[in-house]
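Enquirer: Could you have a look at this structure, given as structure tokens, before my questions?
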Amino acid sequence: MPGLSEMQTAIDSALNDHLPGSSELAPRLVEAMRYAVLGSGKHIRPLLTCATATSLGASLDHALTPGCAVEFLHAYSLIHDDLPSMDDDDLRRGRPSCHRAFDEATAILAGDALQALAFECVIGAPGLSAETRIEMAGALARSVGHAGMVGGQALDIAATGANLELDQLRSMHAAKTGALISVSVRLGVLIAGEAAVPGLDAFGEHLGLAFQVVDDLLDVTGSTESLGKAAGADRVRGKSTFPALVGLEGARHTIKALHADALSSLAEAGIHSGPLVDIAAWIIARET
């Protein structure tokens with residue numbers, strides 16, 4: 001089974017290869033697409049797809065293109081989240097957000113193009129059956145649509161300045177951030193030729209929520225330099241977050257509990273070590 005470093009190198013190369021290199025029709029658009037995807041990101045979502053697939057015995061080569069699709073969807077969501085009509089963020093990963101580096105219209109179109117490219121990748125993923133590719137496309141569509149990432153973002157905007165109940169906050173985070181992380185794991189299961197693996201769906205759900213709670217906490221405890229984006233932005237905007245609702249220690253307790261649940265779910269799947277355990281540890285370690 002390849003290690004995380006080998007997977008990361010393969011993912012970086014695959015992302016570069018799947019992105020258009022140039023365009024006579026729209027060169028600035030392609031430049032913005034590459035700017036949004038390539039750089040300092042950890043590419044945690046394609047890592048989850050590749051780690052899940054290889055942990056279940058599948059080839060890394062078969063997981064790379066679906067992994068790229070997840071990352072393209074993630075990049076599109078970040079571009080749109082940063083727009084003035086959304087969160088109005090000037091920084092992303094320590095450099096100007098896409099609409100600042102280019103312009104607002106180009107950023108919107110770059111996000112649109114990345115979303116289309118994601119589904120092109122899934123439908124054309126090599127080494128997989130037509131049935132698997134169709135099932136992956138459906139899973140991705142559900143994860144980012146009205147009942148997933150986009151719906152969670154809509155609730156986040158609607159709830160700005162309001163005080164959500166804890167169950168509402170968990171549901172919002174599970175949709176806005178958790179759905180794409182969960183489907184990253186789900187794609188790995190499908191690539192391995194499995195309809196389902198006990199524990200792995202729950203692992204993705206626990207990890208996805210933990211990722212967002214860590215982000216909530218880092219917005220309070222981190223610096224702009226360490227985060228690569230403006231620290232304290234959630235409080236300024238009146239966002240509903242775990243620290244705002246349950247306090248810093250309550251948020252830390254939630255993270256530890258979700259990490260424990262994630263590891264228990266992996267154990268249910270018969271996985272006690274390896275890249276999935278390492279990824280879960282890295283997500284939690286961002287706050288420590």
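Identifiers in this document derive from the order of the structure tokens: chains are assigned A, B, ..., residues are numbered from 1 separately in each chain, and ligands are numbered from 1 in order of occurrence.
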List the spatial neighbours of region 135-145 of chain A as a count of residues only - criterion: any atom at most 6 Å away, only C-alpha atoms, same-chain residues fewer than 5 positions off excluded.
Expert: 3
Enquirer: Can you list every residue in region 38-164 of chain A that DSSP puts in strand (DSSP E), as a list in words?
Expert: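 The strand (DSSP E) subset of region 38-164 of chain A is Leu91, Arg92, Arg95 and Pro96 of chain A.
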Enquirer: Write the selection just made, keeping N, CA and C atoms, as a PDB file, in the first residue's frame?
Expert:
```pdb
ATOM      1  N   LEU A  91      -8.095  36.672   1.283  1.00  0.00           N
ATOM      2  CA  LEU A  91      -6.981  35.738   1.343  1.00  0.00           C
ATOM      3  C   LEU A  91      -7.472  34.293   1.314  1.00  0.00           C
ATOM      4  N   ARG A  92      -6.674  33.454   0.676  1.00  0.00           N
ATOM      5  CA  ARG A  92      -6.940  32.016   0.674  1.00  0.00           C
ATOM      6  C   ARG A  92      -5.587  31.318   0.547  1.00  0.00           C
ATOM      7  N   ARG A  95      -2.446  33.645   0.107  1.00  0.00           N
ATOM      8  CA  ARG A  95      -2.274  34.515  -1.053  1.00  0.00           C
ATOM      9  C   ARG A  95      -3.641  35.062  -1.451  1.00  0.00           C
ATOM     10  N   PRO A  96      -3.682  36.049  -2.348  1.00  0.00           N
ATOM     11  CA  PRO A  96      -4.973  36.638  -2.703  1.00  0.00           C
ATOM     12  C   PRO A  96      -5.974  35.598  -3.192  1.00  0.00           C
TER      13      PRO A  96
END
```
Enquirer: Can you work out which one of A:Gln168, A:Thr65, A:Thr106, A:Ser182 has the shortest atom-to-atom distance to Ala32 (chain A), counting only C-alpha atoms?
Expert: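 Of A:Gln168, A:Thr65, A:Thr106, A:Ser182, the one nearest Ala32 (chain A), counting only C-alpha atoms, is A:Thr106.
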Enquirer: Find the residues around Gly178 (chain A) up to 9 Å (only C-alpha atoms counted), leave out those fewer than 2 positions away in its own chain, and share them as an NGL selection string.
Expert: :A and (143 or 148-149 or 172-176 or 180-183 or 204-212)
Enquirer: Which residue out of A:Asp90, A:Leu29, A:Leu48, A:Arg100 has the minimum interatomic distance to Asp112 (chain A) when only C-alpha atoms are used?
Expert: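 Once distances to Asp112 (chain A) are computed over only C-alpha atoms, the minimum belongs to A:Leu29.
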Enquirer: Have a look at A:Ala69, A:Val236, A:Glu249, A:Arg286 and name the one nearest to Leu218 (chain A); count only C-alpha atoms.
Expert: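 Using only C-alpha atoms, Leu218 (chain A) sits closest to A:Arg286.
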Enquirer: Take CA of Leu60 (chain A) and CA of Gly127 (chain A) and report the distance between them in Å, one decimal.
Expert: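 So the two atoms, CA of Leu60 (chain A) and CA of Gly127 (chain A), lie 10.8 Å apart.
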Enquirer: Counting only C-alpha atoms, what is within 12 Å of Asn163 (chain A), bar same-chain residues fewer than 5 positions away, as a list in words?
Expert: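 These residues fall inside the cut-off: Asp156, Ala158, Gln168, Leu169, Gly238, Lys239, Ser240, Thr241, Phe242, Ala244, Leu245 and Val246 of chain A.
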Enquirer: Just list as an MDAnalysis selection string whatever in region 127-251 of chain A DSSP marks as helix (DSSP H, G or I).
Expert: chainID A and resid 130:144 149:158 166:191 200:221 224:227 233:237 242:251
Enquirer: Would you save the residues from that selection as an mmCIF file, in the first residue's frame, using C-alpha atoms?
Expert:
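Result saved to selection-v9.cif:
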```cif
data_model
loop_
_atom_site.group_PDB
_atom_site.id
_atom_site.type_symbol
_atom_site.label_atom_id
_atom_site.label_comp_id
_atom_site.auth_asym_id
_atom_site.auth_seq_id
_atom_site.Cartn_x
_atom_site.Cartn_y
_atom_site.Cartn_z
ATOM 1 C CA ALA A 130 -19.421 2.300 -16.422
ATOM 2 C CA GLU A 131 -21.654 1.375 -13.473
ATOM 3 C CA THR A 132 -19.021 2.518 -10.981
ATOM 4 C CA ARG A 133 -18.439 5.796 -12.806
ATOM 5 C CA ILE A 134 -22.180 6.529 -12.870
ATOM 6 C CA GLU A 135 -22.530 5.717 -9.184
ATOM 7 C CA MET A 136 -19.590 7.978 -8.340
ATOM 8 C CA ALA A 137 -21.078 10.837 -10.364
ATOM 9 C CA GLY A 138 -24.379 10.490 -8.529
ATOM 10 C CA ALA A 139 -22.673 10.405 -5.132
ATOM 11 C CA LEU A 140 -20.671 13.530 -5.967
ATOM 12 C CA ALA A 141 -23.729 15.382 -7.265
ATOM 13 C CA ARG A 142 -25.691 14.624 -4.099
ATOM 14 C CA SER A 143 -22.805 15.685 -1.874
ATOM 15 C CA VAL A 144 -22.451 19.136 -3.409
ATOM 16 C CA MET A 149 -22.451 21.471 0.333
ATOM 17 C CA VAL A 150 -24.497 24.171 -1.416
ATOM 18 C CA GLY A 151 -27.432 23.687 0.950
ATOM 19 C CA GLY A 152 -25.084 23.988 3.910
ATOM 20 C CA GLN A 153 -23.639 27.202 2.511
ATOM 21 C CA ALA A 154 -27.155 28.578 2.038
ATOM 22 C CA LEU A 155 -27.983 27.796 5.670
ATOM 23 C CA ASP A 156 -24.710 29.376 6.786
ATOM 24 C CA ILE A 157 -25.616 32.607 4.999
ATOM 25 C CA ALA A 158 -29.190 32.577 6.274
ATOM 26 C CA LEU A 166 -26.320 22.700 18.495
ATOM 27 C CA ASP A 167 -28.186 20.159 16.350
ATOM 28 C CA GLN A 168 -28.724 22.800 13.660
ATOM 29 C CA LEU A 169 -25.045 23.755 13.738
ATOM 30 C CA ARG A 170 -23.964 20.128 13.399
ATOM 31 C CA SER A 171 -26.338 19.672 10.461
ATOM 32 C CA MET A 172 -25.020 22.810 8.765
ATOM 33 C CA HIS A 173 -21.398 21.741 9.164
ATOM 34 C CA ALA A 174 -22.163 18.176 8.085
ATOM 35 C CA ALA A 175 -23.609 19.532 4.848
ATOM 36 C CA LYS A 176 -21.332 22.490 4.110
ATOM 37 C CA THR A 177 -17.999 20.803 4.869
ATOM 38 C CA GLY A 178 -18.663 17.215 5.878
ATOM 39 C CA ALA A 179 -20.538 16.072 2.781
ATOM 40 C CA LEU A 180 -17.577 16.472 0.432
ATOM 41 C CA ILE A 181 -15.212 14.819 2.913
ATOM 42 C CA SER A 182 -17.666 11.954 3.406
ATOM 43 C CA VAL A 183 -18.054 11.414 -0.330
ATOM 44 C CA SER A 184 -14.261 11.394 -0.712
ATOM 45 C CA VAL A 185 -14.262 8.244 1.408
ATOM 46 C CA ARG A 186 -17.332 6.898 -0.380
ATOM 47 C CA LEU A 187 -15.609 7.180 -3.766
ATOM 48 C CA GLY A 188 -12.696 5.117 -2.461
ATOM 49 C CA VAL A 189 -15.108 2.367 -1.445
ATOM 50 C CA LEU A 190 -16.714 2.377 -4.903
ATOM 51 C CA ILE A 191 -13.319 2.356 -6.648
ATOM 52 C CA LEU A 200 -16.364 3.662 6.494
ATOM 53 C CA ASP A 201 -19.444 5.813 5.849
ATOM 54 C CA ALA A 202 -19.509 6.709 9.545
ATOM 55 C CA PHE A 203 -15.750 7.382 9.454
ATOM 56 C CA GLY A 204 -16.258 9.936 6.686
ATOM 57 C CA GLU A 205 -19.103 11.604 8.560
ATOM 58 C CA HIS A 206 -17.171 11.877 11.845
ATOM 59 C CA LEU A 207 -14.063 13.139 10.076
ATOM 60 C CA GLY A 208 -15.979 15.687 8.018
ATOM 61 C CA LEU A 209 -17.603 17.229 11.071
ATOM 62 C CA ALA A 210 -14.315 17.164 13.005
ATOM 63 C CA PHE A 211 -12.608 19.024 10.151
ATOM 64 C CA GLN A 212 -15.089 21.895 10.362
ATOM 65 C CA VAL A 213 -15.055 22.094 14.163
ATOM 66 C CA VAL A 214 -11.252 22.366 13.991
ATOM 67 C CA ASP A 215 -11.661 25.165 11.438
ATOM 68 C CA ASP A 216 -14.106 26.931 13.780
ATOM 69 C CA LEU A 217 -11.606 26.688 16.617
ATOM 70 C CA LEU A 218 -8.637 27.825 14.550
ATOM 71 C CA ASP A 219 -10.561 30.925 13.490
ATOM 72 C CA VAL A 220 -10.444 31.924 17.180
ATOM 73 C CA THR A 221 -7.034 30.601 18.233
ATOM 74 C CA THR A 224 -3.839 35.147 9.799
ATOM 75 C CA GLU A 225 -0.283 34.067 8.983
ATOM 76 C CA SER A 226 -0.754 30.490 10.195
ATOM 77 C CA LEU A 227 -4.224 30.090 8.696
ATOM 78 C CA ALA A 233 -13.582 36.416 10.461
ATOM 79 C CA ASP A 234 -16.370 34.193 11.817
ATOM 80 C CA ARG A 235 -16.848 36.372 14.896
ATOM 81 C CA VAL A 236 -16.781 39.592 12.864
ATOM 82 C CA ARG A 237 -19.452 38.240 10.512
ATOM 83 C CA PHE A 242 -18.847 25.619 17.833
ATOM 84 C CA PRO A 243 -16.652 27.937 19.960
ATOM 85 C CA ALA A 244 -19.398 30.563 19.950
ATOM 86 C CA LEU A 245 -21.971 28.005 21.046
ATOM 87 C CA VAL A 246 -20.079 25.701 23.428
ATOM 88 C CA GLY A 247 -16.866 27.617 24.141
ATOM 89 C CA LEU A 248 -13.256 26.767 23.327
ATOM 90 C CA GLU A 249 -13.019 23.805 25.671
ATOM 91 C CA GLY A 250 -16.379 22.504 24.529
ATOM 92 C CA ALA A 251 -15.161 22.667 20.919
#
```
Enquirer: Between CA of Glu120 (chain A) and CA of His18 (chain A), measure the distance and give it in Å to one decimal.
Expert: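 Answer for the CA of Glu120 (chain A) to CA of His18 (chain A) separation: 10.0 Å.
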Enquirer: Find, counting only C-alpha atoms, the residue in A:Gln8, A:Ser264, A:Ser55, A:Ser129 that gets nearest to Ser40 (chain A).
Expert: A:Gln8
Enquirer: Using only C-alpha atoms, find the one residue out of A:Gly232, A:Gly199, A:Ala113, A:Ile279 that sits nearest to Ala267 (chain A).
Expert: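 Closest residue, counting only C-alpha atoms: A:Gly199.
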Enquirer: If we count only C-alpha atoms and set the cut-off at 7 Å, which residues sit around Ala36 (chain A), ignoring sequence neighbours fewer than 2 positions away in its own chain? Please answer as a list in words.
Expert: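 The contact residues come out as Ala32, Met33, Arg34, Leu38, Ala75 and Cys98 of chain A.
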